[in-house]
file query12.cif (mmCIF, C-alpha atoms)
data_model
loop_
_atom_site.label_atom_id
_atom_site.label_comp_id
_atom_site.auth_asym_id
_atom_site.auth_seq_id
_atom_site.Cartn_x
_atom_site.Cartn_y
_atom_site.Cartn_z
CA MET V 1 0.00 0.00 0.00
CA LYS V 2 0.98 3.60 -0.46
CA VAL V 3 1.99 5.55 2.64
CA THR V 4 2.82 9.22 2.74
CA LEU V 5 5.32 10.36 5.33
CA SER V 6 5.32 14.04 6.08
CA ILE V 7 8.71 14.67 7.63
CA LEU V 8 9.93 17.88 9.24
CA ARG V 9 13.28 18.59 7.54
CA TYR V 10 15.88 21.01 8.84
CA ASP V 11 19.40 21.45 7.56
CA PRO V 12 21.22 24.05 9.67
CA GLU V 13 23.52 24.91 6.75
CA LYS V 14 20.71 25.69 4.32
CA ASP V 15 17.41 26.27 6.09
CA ILE V 16 16.48 29.19 8.32
CA LYS V 17 13.66 27.24 9.88
CA PRO V 18 12.31 23.68 9.60
CA VAL V 19 10.23 22.81 6.52
CA ARG V 20 7.82 19.92 6.00
CA LYS V 21 8.39 17.56 3.08
CA ASP V 22 6.16 14.71 1.91
CA TYR V 23 7.47 11.34 0.70
CA THR V 24 5.17 8.70 -0.73
CA ILE V 25 6.49 5.18 -0.43
CA GLU V 26 5.31 1.62 -0.90
CA ALA V 27 4.94 -0.17 2.47
CA GLU V 28 3.39 -3.27 4.03
CA PRO V 29 0.84 -2.81 6.85
CA THR V 30 3.22 -4.68 9.16
CA ASP V 31 6.17 -2.40 8.39
CA ARG V 32 7.43 -0.32 11.25
CA ILE V 33 7.68 3.45 10.87
CA LEU V 34 11.43 2.98 11.12
CA ASP V 35 11.32 0.71 8.04
CA CYS V 36 9.45 3.45 6.20
CA LEU V 37 12.11 5.99 7.17
CA ASP V 38 14.77 3.56 5.96
CA LYS V 39 12.95 3.30 2.62
CA VAL V 40 12.84 7.09 2.31
CA LYS V 41 16.53 7.38 3.11
CA TRP V 42 17.69 4.46 0.95
CA GLN V 43 15.43 4.97 -2.07
CA HIS V 44 14.24 8.59 -2.17
CA ASP V 45 16.37 11.08 -0.28
CA GLY V 46 19.75 10.07 1.15
CA SER V 47 20.10 13.37 2.99
CA LEU V 48 17.41 12.46 5.56
CA ALA V 49 18.98 12.22 9.03
CA TYR V 50 17.59 10.26 11.97
CA ARG V 51 18.95 8.10 14.79
CA ARG V 52 18.61 4.34 14.72
CA SER V 53 20.58 1.68 16.45
CA CYS V 54 19.09 -1.60 17.63
CA SER V 55 15.68 -0.98 15.99
CA HIS V 56 14.01 -3.33 18.48
CA GLY V 57 12.88 -0.95 21.21
CA ILE V 58 15.85 -1.49 23.48
CA CYS V 59 18.35 1.26 22.74
CA GLY V 60 15.81 4.11 22.67
CA SER V 61 17.61 6.14 20.02
CA ASP V 62 14.73 6.52 17.56
CA ALA V 63 12.24 8.36 19.75
CA MET V 64 10.39 10.93 17.64
CA MET V 65 7.01 12.58 17.42
CA ILE V 66 4.74 10.48 15.20
CA ASN V 67 1.30 11.93 14.46
CA GLY V 68 1.61 14.34 17.36
CA LYS V 69 2.72 11.81 19.97
CA ASN V 70 6.22 10.85 21.08
CA GLN V 71 6.91 7.22 20.23
CA LEU V 72 9.70 4.89 19.22
CA ALA V 73 9.68 4.58 15.42
CA CYS V 74 10.67 0.92 15.77
CA GLN V 75 7.71 0.05 18.01
CA ILE V 76 4.89 1.42 15.92
CA LEU V 77 3.53 -0.12 12.73
CA VAL V 78 1.95 1.38 9.64
CA GLN V 79 -1.29 -0.51 10.41
CA ASP V 80 -1.56 1.28 13.78
CA PHE V 81 -2.68 4.39 11.90
CA LYS V 82 -6.00 4.60 10.10
CA LYS V 83 -4.89 7.42 7.80
CA LYS V 84 -1.95 6.62 5.63
CA TYR V 85 -0.65 10.18 5.94
CA ILE V 86 1.81 10.06 8.82
CA LYS V 87 3.39 13.17 10.27
CA ILE V 88 6.89 12.69 11.63
CA ASP V 89 8.59 15.39 13.69
CA PRO V 90 11.64 15.50 15.93
CA LEU V 91 11.12 15.31 19.71
CA PRO V 92 9.48 18.56 20.81
CA GLY V 93 11.19 20.96 23.18
CA LEU V 94 14.73 19.83 22.36
CA PRO V 95 17.11 21.72 20.00
CA ILE V 96 17.23 20.21 16.50
CA ILE V 97 20.65 19.28 15.14
CA LYS V 98 19.43 18.04 11.76
CA ASP V 99 16.09 16.70 10.55
CA LEU V 100 14.90 14.22 13.19
CA ILE V 101 18.08 14.31 15.27
CA VAL V 102 17.75 16.38 18.43
CA ASP V 103 20.43 17.57 20.81
CA MET V 104 20.15 15.36 23.90
CA THR V 105 22.97 17.13 25.79
CA GLY V 106 20.58 18.96 28.10
CA PHE V 107 18.64 15.77 28.70
CA PHE V 108 21.75 13.90 29.81
CA GLN V 109 23.04 16.83 31.87
CA LYS V 110 19.80 16.68 33.86
CA TYR V 111 20.24 12.92 34.11
CA ASP V 112 23.74 13.43 35.58
CA ILE V 113 22.40 15.90 38.15
CA VAL V 114 20.52 13.20 40.07
CA LYS V 115 23.71 11.08 40.44
CA PRO V 116 22.58 8.01 38.50
CA TYR V 117 25.04 5.61 40.10
CA LEU V 118 25.34 3.58 43.29
CA ILE V 119 26.56 5.58 46.28
CA SER V 120 27.10 3.17 49.14
CA LYS V 121 27.99 4.31 52.63
CA ASP V 122 29.19 0.81 53.63
CA LEU V 123 32.40 -0.94 52.67
CA PRO V 124 31.96 -3.30 49.73
CA PRO V 125 31.03 -6.80 50.96
CA PRO V 126 33.39 -9.65 50.04
CA LYS V 127 30.95 -11.21 47.57
CA GLU V 128 27.91 -9.22 46.46
CA ARG V 129 25.36 -6.66 47.70
CA LEU V 130 22.33 -8.78 48.54
CA GLN V 131 18.78 -7.58 48.06
CA SER V 132 15.56 -9.31 49.06
CA GLN V 133 12.79 -9.92 46.52
CA GLU V 134 10.56 -7.38 48.28
CA GLU V 135 13.28 -4.74 48.14
CA ARG V 136 13.87 -5.41 44.47
CA ALA V 137 10.13 -5.27 43.70
CA LEU V 138 10.14 -1.57 44.64
CA ILE V 139 12.35 -0.71 41.68
CA ASP V 140 11.05 -3.37 39.25
CA GLU V 141 9.42 -0.83 36.96
CA ALA V 142 11.92 1.98 37.34
CA VAL V 143 14.91 -0.06 36.15
CA ASN V 144 13.25 -0.64 32.76
CA CYS V 145 13.90 2.92 31.57
CA ILE V 146 15.87 3.01 28.30
CA LEU V 147 16.51 6.79 28.32
CA CYS V 148 14.87 7.43 24.96
CA GLY V 149 13.74 10.89 26.11
CA ALA V 150 10.14 10.47 24.90
CA CYS V 151 8.72 11.27 28.36
CA THR V 152 10.83 14.34 29.07
CA ALA V 153 10.11 15.76 25.61
CA SER V 154 6.37 15.17 26.04
CA CYS V 155 6.09 17.16 29.26
CA PRO V 156 4.27 20.52 28.96
CA SER V 157 6.16 21.69 32.06
CA LEU V 158 9.40 21.23 30.15
CA TRP V 159 8.15 23.03 27.02
CA THR V 160 7.63 26.18 29.07
CA ASN V 161 10.55 25.76 31.48
CA GLU V 162 13.62 24.22 29.92
CA ASN V 163 15.35 24.00 33.29
CA TYR V 164 12.84 21.44 34.58
CA ILE V 165 14.72 18.22 35.38
CA GLY V 166 12.10 16.15 33.59
CA PRO V 167 10.44 12.78 34.23
CA ALA V 168 13.32 10.61 32.99
CA ALA V 169 15.86 12.05 35.43
CA LEU V 170 13.35 12.01 38.29
CA LEU V 171 12.54 8.37 37.57
CA LYS V 172 16.25 7.60 37.77
CA ALA V 173 16.37 9.42 41.10
CA TYR V 174 13.53 7.15 42.30
CA ARG V 175 15.41 4.11 41.06
CA PHE V 176 18.37 4.89 43.36
CA ILE V 177 16.48 6.46 46.28
CA TYR V 178 14.33 3.33 46.61
CA ASP V 179 17.24 0.96 46.03
CA SER V 180 18.00 -0.78 49.34
CA ARG V 181 21.72 -0.95 48.50
CA ASP V 182 22.08 2.78 47.98
CA GLY V 183 22.90 5.13 50.85
CA ALA V 184 22.52 8.63 49.39
CA ASP V 185 18.75 9.11 49.69
CA ASN V 186 18.86 12.55 51.29
CA GLU V 187 21.57 13.80 48.97
CA ARG V 188 19.39 13.01 45.95
CA LEU V 189 16.21 14.28 47.59
CA ASP V 190 17.97 17.60 48.24
CA ILE V 191 18.76 17.83 44.53
CA ILE V 192 15.24 17.14 43.28
CA ASP V 193 13.36 18.95 46.08
CA THR V 194 13.88 22.30 44.31
CA GLN V 195 12.07 24.85 42.16
CA ASP V 196 12.91 23.22 38.85
CA GLY V 197 12.82 19.74 40.32
CA LEU V 198 10.09 17.43 41.47
CA TRP V 199 7.47 20.12 42.11
CA ARG V 200 7.20 21.14 38.45
CA CYS V 201 5.36 17.86 37.87
CA HIS V 202 1.68 18.79 37.52
CA THR V 203 0.46 15.18 37.03
CA ILE V 204 -0.41 15.69 33.37
CA PHE V 205 0.40 12.02 32.60
CA ASN V 206 1.84 12.77 29.14
CA CYS V 207 4.99 10.89 30.16
CA VAL V 208 2.97 7.82 31.15
CA GLU V 209 1.10 7.88 27.83
CA VAL V 210 4.27 7.90 25.75
CA CYS V 211 6.64 5.63 27.70
CA PRO V 212 7.61 2.78 25.32
CA LYS V 213 8.37 0.57 28.33
CA GLU V 214 4.98 1.35 29.90
CA ILE V 215 6.45 2.69 33.12
CA ASN V 216 3.95 4.63 35.23
CA ILE V 217 6.37 7.51 35.77
CA THR V 218 3.86 9.76 37.53
CA TRP V 219 3.29 7.09 40.17
CA HIS V 220 7.02 7.00 40.88
CA LEU V 221 7.13 10.79 41.10
CA SER V 222 4.19 10.72 43.52
CA GLN V 223 6.19 8.39 45.78
CA LEU V 224 9.09 10.86 45.66
CA LYS V 225 6.71 13.75 46.44
CA LYS V 226 5.44 11.86 49.49
CA LYS V 227 8.99 11.18 50.64
CA CYS V 228 10.01 14.82 50.20
CA ALA V 229 6.94 16.10 52.03
CA LEU V 230 7.25 13.62 54.92
CA ARG V 231 10.90 14.63 55.33
CA GLU V 232 9.72 18.00 56.63
CA PHE V 233 8.11 16.51 59.76
CA MET B 1 28.95 33.46 19.74
CA GLU B 2 26.26 31.12 20.80
CA GLU B 3 24.26 29.70 17.94
CA LYS B 4 20.54 30.15 18.01
CA LYS B 5 18.97 26.82 18.82
CA ILE B 6 16.02 25.81 16.67
CA LYS B 7 13.45 23.72 18.47
CA PHE B 8 10.34 22.11 17.15
CA PHE B 9 8.45 23.38 20.18
CA GLU B 10 9.40 26.94 21.07
CA GLN B 11 8.47 28.40 24.42
CA LYS B 12 6.63 31.33 22.88
CA ASN B 13 4.21 29.08 20.97
CA TRP B 14 3.13 27.16 24.04
CA ILE B 15 -0.61 27.43 23.42
CA LYS B 16 -0.35 26.14 19.85
CA GLU B 17 1.97 23.34 20.93
CA ASN B 18 -0.19 22.21 23.81
CA LEU B 19 -3.16 22.07 21.48
CA SER B 20 -1.35 20.21 18.70
CA TYR B 21 0.21 17.53 20.89
CA TYR B 22 -1.60 14.26 21.62
CA LYS B 23 -3.89 14.53 24.65
CA ASP B 24 -5.32 11.90 26.95
CA SER B 25 -7.50 12.30 30.04
CA GLY B 26 -4.57 13.50 32.17
CA SER B 27 -3.74 16.41 29.88
CA TRP B 28 -7.40 17.37 29.50
CA ALA B 29 -7.80 17.37 33.28
CA TRP B 30 -4.75 19.62 33.55
CA ILE B 31 -5.97 22.03 30.87
CA TYR B 32 -9.50 22.29 32.33
CA HIS B 33 -8.03 22.71 35.81
CA ARG B 34 -5.92 25.65 34.65
CA ILE B 35 -8.76 27.31 32.75
CA SER B 36 -11.24 26.88 35.62
CA GLY B 37 -8.59 28.17 38.05
CA ILE B 38 -8.10 31.37 36.05
CA ALA B 39 -11.88 31.76 35.70
CA LEU B 40 -12.28 31.48 39.48
CA LEU B 41 -9.52 34.03 40.06
CA LEU B 42 -11.30 36.50 37.77
CA TYR B 43 -14.56 35.70 39.54
CA ILE B 44 -13.07 36.63 42.93
CA PHE B 45 -12.13 40.09 41.66
CA MET B 46 -15.59 40.48 40.15
CA HIS B 47 -17.12 39.39 43.44
CA ILE B 48 -15.17 42.00 45.40
CA TRP B 49 -16.03 44.66 42.83
CA SER B 50 -19.74 43.79 43.02
CA LEU B 51 -19.67 44.16 46.81
CA SER B 52 -18.01 47.57 46.60
CA PRO B 53 -21.35 49.56 46.77
CA LEU B 54 -21.34 48.53 50.46
CA THR B 55 -19.15 51.56 51.03
CA SER B 56 -21.77 53.93 49.58
CA GLY B 57 -24.72 52.94 51.70
CA LYS B 58 -27.59 50.49 51.94
CA GLU B 59 -29.60 51.77 48.99
CA ALA B 60 -26.78 51.67 46.48
CA PHE B 61 -26.04 48.10 47.60
CA GLU B 62 -29.63 46.93 47.32
CA HIS B 63 -29.94 48.49 43.89
CA LYS B 64 -26.91 46.53 42.78
CA MET B 65 -28.18 43.31 44.34
CA ALA B 66 -31.48 43.61 42.47
CA MET B 67 -29.48 43.31 39.27
CA TYR B 68 -28.03 40.00 40.41
CA SER B 69 -31.36 38.37 41.19
CA THR B 70 -32.56 38.25 37.55
CA PRO B 71 -33.00 34.81 35.89
CA VAL B 72 -30.08 35.45 33.51
CA PHE B 73 -27.81 35.93 36.47
CA SER B 74 -29.13 32.75 38.09
CA VAL B 75 -28.07 30.79 35.03
CA ILE B 76 -24.64 32.44 35.11
CA GLU B 77 -24.40 31.53 38.80
CA TRP B 78 -25.26 27.95 37.91
CA LEU B 79 -22.38 27.91 35.39
CA LEU B 80 -20.10 29.38 38.04
CA PHE B 81 -21.06 26.44 40.22
CA ALA B 82 -19.99 24.10 37.39
CA ILE B 83 -16.54 25.70 37.32
CA VAL B 84 -16.18 25.51 41.12
CA LEU B 85 -17.34 21.90 40.97
CA PHE B 86 -14.82 20.80 38.35
CA HIS B 87 -11.96 22.65 39.99
CA SER B 88 -12.67 21.20 43.42
CA LEU B 89 -13.37 17.63 42.29
CA ASN B 90 -10.28 17.58 40.08
CA GLY B 91 -8.35 19.05 42.99
CA ILE B 92 -9.38 16.03 45.06
CA ARG B 93 -8.32 13.83 42.13
CA ILE B 94 -4.85 15.45 42.16
CA VAL B 95 -4.54 14.94 45.92
CA LEU B 96 -5.39 11.26 45.41
CA VAL B 97 -2.84 11.00 42.60
CA ASP B 98 -0.11 12.48 44.79
CA TRP B 99 -0.97 10.85 48.10
CA ALA B 100 -2.98 7.68 47.52
CA ASP B 101 -1.34 5.92 44.56
CA GLY B 102 -3.97 7.55 42.34
CA ALA B 103 -1.49 7.50 39.47
CA ARG B 104 -2.36 3.82 39.10
CA TYR B 105 -6.05 4.54 38.51
CA HIS B 106 -6.04 8.16 37.34
CA LYS B 107 -8.21 7.54 34.27
CA LYS B 108 -10.99 6.04 36.39
CA LEU B 109 -10.68 8.99 38.75
CA TYR B 110 -11.04 11.38 35.83
CA LYS B 111 -14.24 9.65 34.69
CA LEU B 112 -15.54 9.69 38.26
CA THR B 113 -14.80 13.42 38.45
CA TRP B 114 -17.08 14.00 35.48
CA ILE B 115 -19.84 11.67 36.65
CA VAL B 116 -19.99 13.12 40.18
CA GLY B 117 -19.64 16.63 38.74
CA ILE B 118 -22.53 16.27 36.31
CA VAL B 119 -24.80 14.68 38.95
CA LEU B 120 -24.10 17.47 41.44
CA PHE B 121 -24.47 20.10 38.70
CA LEU B 122 -27.93 18.81 37.76
CA ALA B 123 -28.93 18.49 41.42
CA MET B 124 -27.93 22.10 41.99
CA GLY B 125 -29.91 23.11 38.92
CA PHE B 126 -32.95 21.41 40.43
CA VAL B 127 -32.46 23.20 43.76
CA MET B 128 -32.00 26.57 42.05
CA PHE B 129 -34.72 26.42 39.42
CA SER B 130 -37.33 23.90 40.64
CA HIS B 131 -39.39 26.70 42.19
CA GLU B 132 -39.59 28.61 38.88
CA ILE B 133 -40.23 25.48 36.82
CA PHE B 134 -43.09 24.33 39.05
CA LYS B 135 -44.56 27.81 38.83
CA LEU B 136 -44.70 27.52 35.01
CA PHE B 137 -46.90 24.40 35.15
CA ARG B 138 -49.25 25.60 37.84
#

call {"tool": "encode", "arguments": {"input": "query12.cif", "output": "structure tokens"}}
result
Amino acid sequence: MKVTLSILRYDPEKDIKPVRKDYTIEAEPTDRILDCLDKVKWQHDGSLAYRRSCSHGICGSDAMMINGKNQLACQILVQDFKKKYIKIDPLPGLPIIKDLIVDMTGFFQKYDIVKPYLISKDLPPPKERLQSQEERALIDEAVNCILCGACTASCPSLWTNENYIGPAALLKAYRFIYDSRDGADNERLDIIDTQDGLWRCHTIFNCVEVCPKEINITWHLSQLKKKCALREF
Amino acid sequence: MEEKKIKFFEQKNWIKENLSYYKDSGSWAWIYHRISGIALLLYIFMHIWSLSPLTSGKEAFEHKMAMYSTPVFSVIEWLLFAIVLFHSLNGIRIVLVDWADGARYHKKLYKLTWIVGIVLFLAMGFVMFSHEIFKLFR
């Protein structure tokens, strides 16, 4: 069947602002949007730029805005859309480098802020740091994050305040704060318990809608909010 | 020199962007909550302004109040109640989301907000207008 992809193109060397271009290609209903982009790049216009790596929803490099919603291009099929006119835009709210490639520097700087690594106050045990099943269950969902950036780029709080840490970084903070092996809870809570931190979350649930790993990010943030508030007493 | 960064969503176009992006119940609840909040803020100023004839005596105040007891104003008051209702019920929903694991069942809560809201809105309409309606059929 024929599918038309309407892609937002931007070449910083030529264009002053992004322009939309349409490409009509031949595609199967079971083709992924990523396959369609490959067809455009390999058969129609070699100058199209986008990120792809594993193309199986694990690396999270091909997050983009498809028909007005952030999604992984490798997780969504042509048959998922009724209309065969599919709009493809880069992730909103992040600076565009070229075409569908956005600058993730800010995203990863915010990620670094919450100290996304184990900080243990005890000496390393001779063998391994043990964790019970109940303790591990607390972070079962949070460890699934693949850092694709779909959630952070879907957050209206971030569109109007680019300093907001964003759901991805806050989820990572949860992942370590609720990890029984980690000892820097208060340190991390101090970092996120700020103006541009946790309290910019207005429970809009856009992040939950777009997460390709189906993590209920807002629930995790609500646990952090509770912890921050209870700390005051 | 710092290069000007081009973004697909620019801060200054926030209304257009928020409207163009995909919306589910959570974003609608947020948008309605903001709009009703602003409406209530404006209402408070209007309320204070409408009470201001109190400073110029009883007669001026009663003259003003007569204006507010017309049927048109009753309907407007009823709509005001709708705004108060949504803002307060959704406020409870947000408290549940933040404090009672409501994030796990937020869509059900949103539906419940509307159901309870509409029932209370109609009940209030009955309380406010039943007297007039019964009068029509007498």

call {"tool": "resolve_selection", "arguments": {"input": "query12.cif", "expression": "the PyMOL selection byres ((chain V and resi 162) around 12)", "output": "ChimeraX atom specification"}}
result
/V:92-95,106-107,110,152-153,155-161,163-166,196-197,200 /B:7,9-11

call {"tool": "atom_distance", "arguments": {"input": "query12.cif", "atom1": "atom CA of Pro90 of chain V", "atom2": "atom CA of Ser154 of chain V"}}
result
11.4 Å

call {"tool": "closest_residue", "arguments": {"input": "query12.cif", "among": "V:Cys211, V:Ala229, V:Ile88, V:Ile204", "to": "Ile7 of chain V", "atoms": "all atoms listed in the file"}}
result
V:Ile88

call {"tool": "interface_residues", "arguments": {"input": "query12.cif", "of": "chain B", "to": "chain V", "cutoff": "9 Å", "atoms": "all atoms listed in the file", "output": "PyMOL selection string"}}
result
chain B and resi 5-12+14+17-18+20-31+94+97-104+106

call {"tool": "write_last_selection", "arguments": {"input": "query12.cif", "atoms": "C-alpha atoms", "output": "mmCIF file, in the coordinates of the input"}}
result
data_model
loop_
_atom_site.group_PDB
_atom_site.id
_atom_site.type_symbol
_atom_site.label_atom_id
_atom_site.label_comp_id
_atom_site.auth_asym_id
_atom_site.auth_seq_id
_atom_site.Cartn_x
_atom_site.Cartn_y
_atom_site.Cartn_z
ATOM 1 C CA LYS B 5 18.970 26.820 18.820
ATOM 2 C CA ILE B 6 16.020 25.810 16.670
ATOM 3 C CA LYS B 7 13.450 23.720 18.470
ATOM 4 C CA PHE B 8 10.340 22.110 17.150
ATOM 5 C CA PHE B 9 8.450 23.380 20.180
ATOM 6 C CA GLU B 10 9.400 26.940 21.070
ATOM 7 C CA GLN B 11 8.470 28.400 24.420
ATOM 8 C CA LYS B 12 6.630 31.330 22.880
ATOM 9 C CA TRP B 14 3.130 27.160 24.040
ATOM 10 C CA GLU B 17 1.970 23.340 20.930
ATOM 11 C CA ASN B 18 -0.190 22.210 23.810
ATOM 12 C CA SER B 20 -1.350 20.210 18.700
ATOM 13 C CA TYR B 21 0.210 17.530 20.890
ATOM 14 C CA TYR B 22 -1.600 14.260 21.620
ATOM 15 C CA LYS B 23 -3.890 14.530 24.650
ATOM 16 C CA ASP B 24 -5.320 11.900 26.950
ATOM 17 C CA SER B 25 -7.500 12.300 30.040
ATOM 18 C CA GLY B 26 -4.570 13.500 32.170
ATOM 19 C CA SER B 27 -3.740 16.410 29.880
ATOM 20 C CA TRP B 28 -7.400 17.370 29.500
ATOM 21 C CA ALA B 29 -7.800 17.370 33.280
ATOM 22 C CA TRP B 30 -4.750 19.620 33.550
ATOM 23 C CA ILE B 31 -5.970 22.030 30.870
ATOM 24 C CA ILE B 94 -4.850 15.450 42.160
ATOM 25 C CA VAL B 97 -2.840 11.000 42.600
ATOM 26 C CA ASP B 98 -0.110 12.480 44.790
ATOM 27 C CA TRP B 99 -0.970 10.850 48.100
ATOM 28 C CA ALA B 100 -2.980 7.680 47.520
ATOM 29 C CA ASP B 101 -1.340 5.920 44.560
ATOM 30 C CA GLY B 102 -3.970 7.550 42.340
ATOM 31 C CA ALA B 103 -1.490 7.500 39.470
ATOM 32 C CA ARG B 104 -2.360 3.820 39.100
ATOM 33 C CA HIS B 106 -6.040 8.160 37.340
#

call {"tool": "atom_distance", "arguments": {"input": "query12.cif", "atom1": "atom CA of Cys228 of chain V", "atom2": "atom CA of Pro212 of chain V"}}
result
27.7 Å

call {"tool": "closest_residue", "arguments": {"input": "query12.cif", "among": "B:His33, B:Val119, B:Glu132, B:Met65", "to": "Arg93 of chain B", "atoms": "only C-alpha atoms"}}
result
B:His33

call {"tool": "atom_distance", "arguments": {"input": "query12.cif", "atom1": "atom CA of Ser55 of chain V", "atom2": "atom CA of Tyr85 of chain V"}}
result
22.2 Å

call {"tool": "residues_near_point", "arguments": {"input": "query12.cif", "point": "(-29.0, 25.2, 42.3)", "cutoff": "12 Å", "atoms": "all atoms listed in the file", "output": "list of chain:residue names"}}
result
B:Ser74, B:Val75, B:Ile76, B:Glu77, B:Trp78, B:Leu79, B:Leu80, B:Phe81, B:Ala82, B:Val119, B:Leu120, B:Phe121, B:Leu122, B:Ala123, B:Met124, B:Gly125, B:Phe126, B:Val127, B:Met128, B:Phe129, B:Ser130, B:His131, B:Glu132

call {"tool": "build_atoms", "arguments": {"input": "query12.cif", "residues": "segment 81-93 of chain B", "atoms": "N, CA and C atoms", "output": "tab-separated table (two decimals), in the coordinates of the input"}}
result
chain	number	residue	atom	x	y	z
B	81	PHE	N	-21.11	27.62	39.37
B	81	PHE	CA	-21.06	26.44	40.22
B	81	PHE	C	-20.38	25.28	39.49
B	82	ALA	N	-20.63	25.16	38.18
B	82	ALA	CA	-19.99	24.10	37.39
B	82	ALA	C	-18.48	24.23	37.43
B	83	ILE	N	-17.99	25.47	37.31
B	83	ILE	CA	-16.54	25.70	37.32
B	83	ILE	C	-15.96	25.35	38.69
B	84	VAL	N	-16.63	25.82	39.75
B	84	VAL	CA	-16.18	25.51	41.12
B	84	VAL	C	-16.14	23.99	41.31
B	85	LEU	N	-17.21	23.34	40.81
B	85	LEU	CA	-17.34	21.90	40.97
B	85	LEU	C	-16.18	21.16	40.31
B	86	PHE	N	-15.90	21.50	39.04
B	86	PHE	CA	-14.82	20.80	38.35
B	86	PHE	C	-13.49	21.04	39.04
B	87	HIS	N	-13.25	22.32	39.39
B	87	HIS	CA	-11.96	22.65	39.99
B	87	HIS	C	-11.76	21.93	41.32
B	88	SER	N	-12.83	21.85	42.11
B	88	SER	CA	-12.67	21.20	43.42
B	88	SER	C	-12.57	19.68	43.29
B	89	LEU	N	-13.43	19.09	42.43
B	89	LEU	CA	-13.37	17.63	42.29
B	89	LEU	C	-12.05	17.19	41.68
B	90	ASN	N	-11.57	17.94	40.67
B	90	ASN	CA	-10.28	17.58	40.08
B	90	ASN	C	-9.16	17.83	41.07
B	91	GLY	N	-9.33	18.82	41.94
B	91	GLY	CA	-8.35	19.05	42.99
B	91	GLY	C	-8.24	17.84	43.89
B	92	ILE	N	-9.39	17.26	44.23
B	92	ILE	CA	-9.38	16.03	45.06
B	92	ILE	C	-8.69	14.91	44.29
B	93	ARG	N	-8.97	14.85	42.96
B	93	ARG	CA	-8.32	13.83	42.13
B	93	ARG	C	-6.78	13.98	42.20
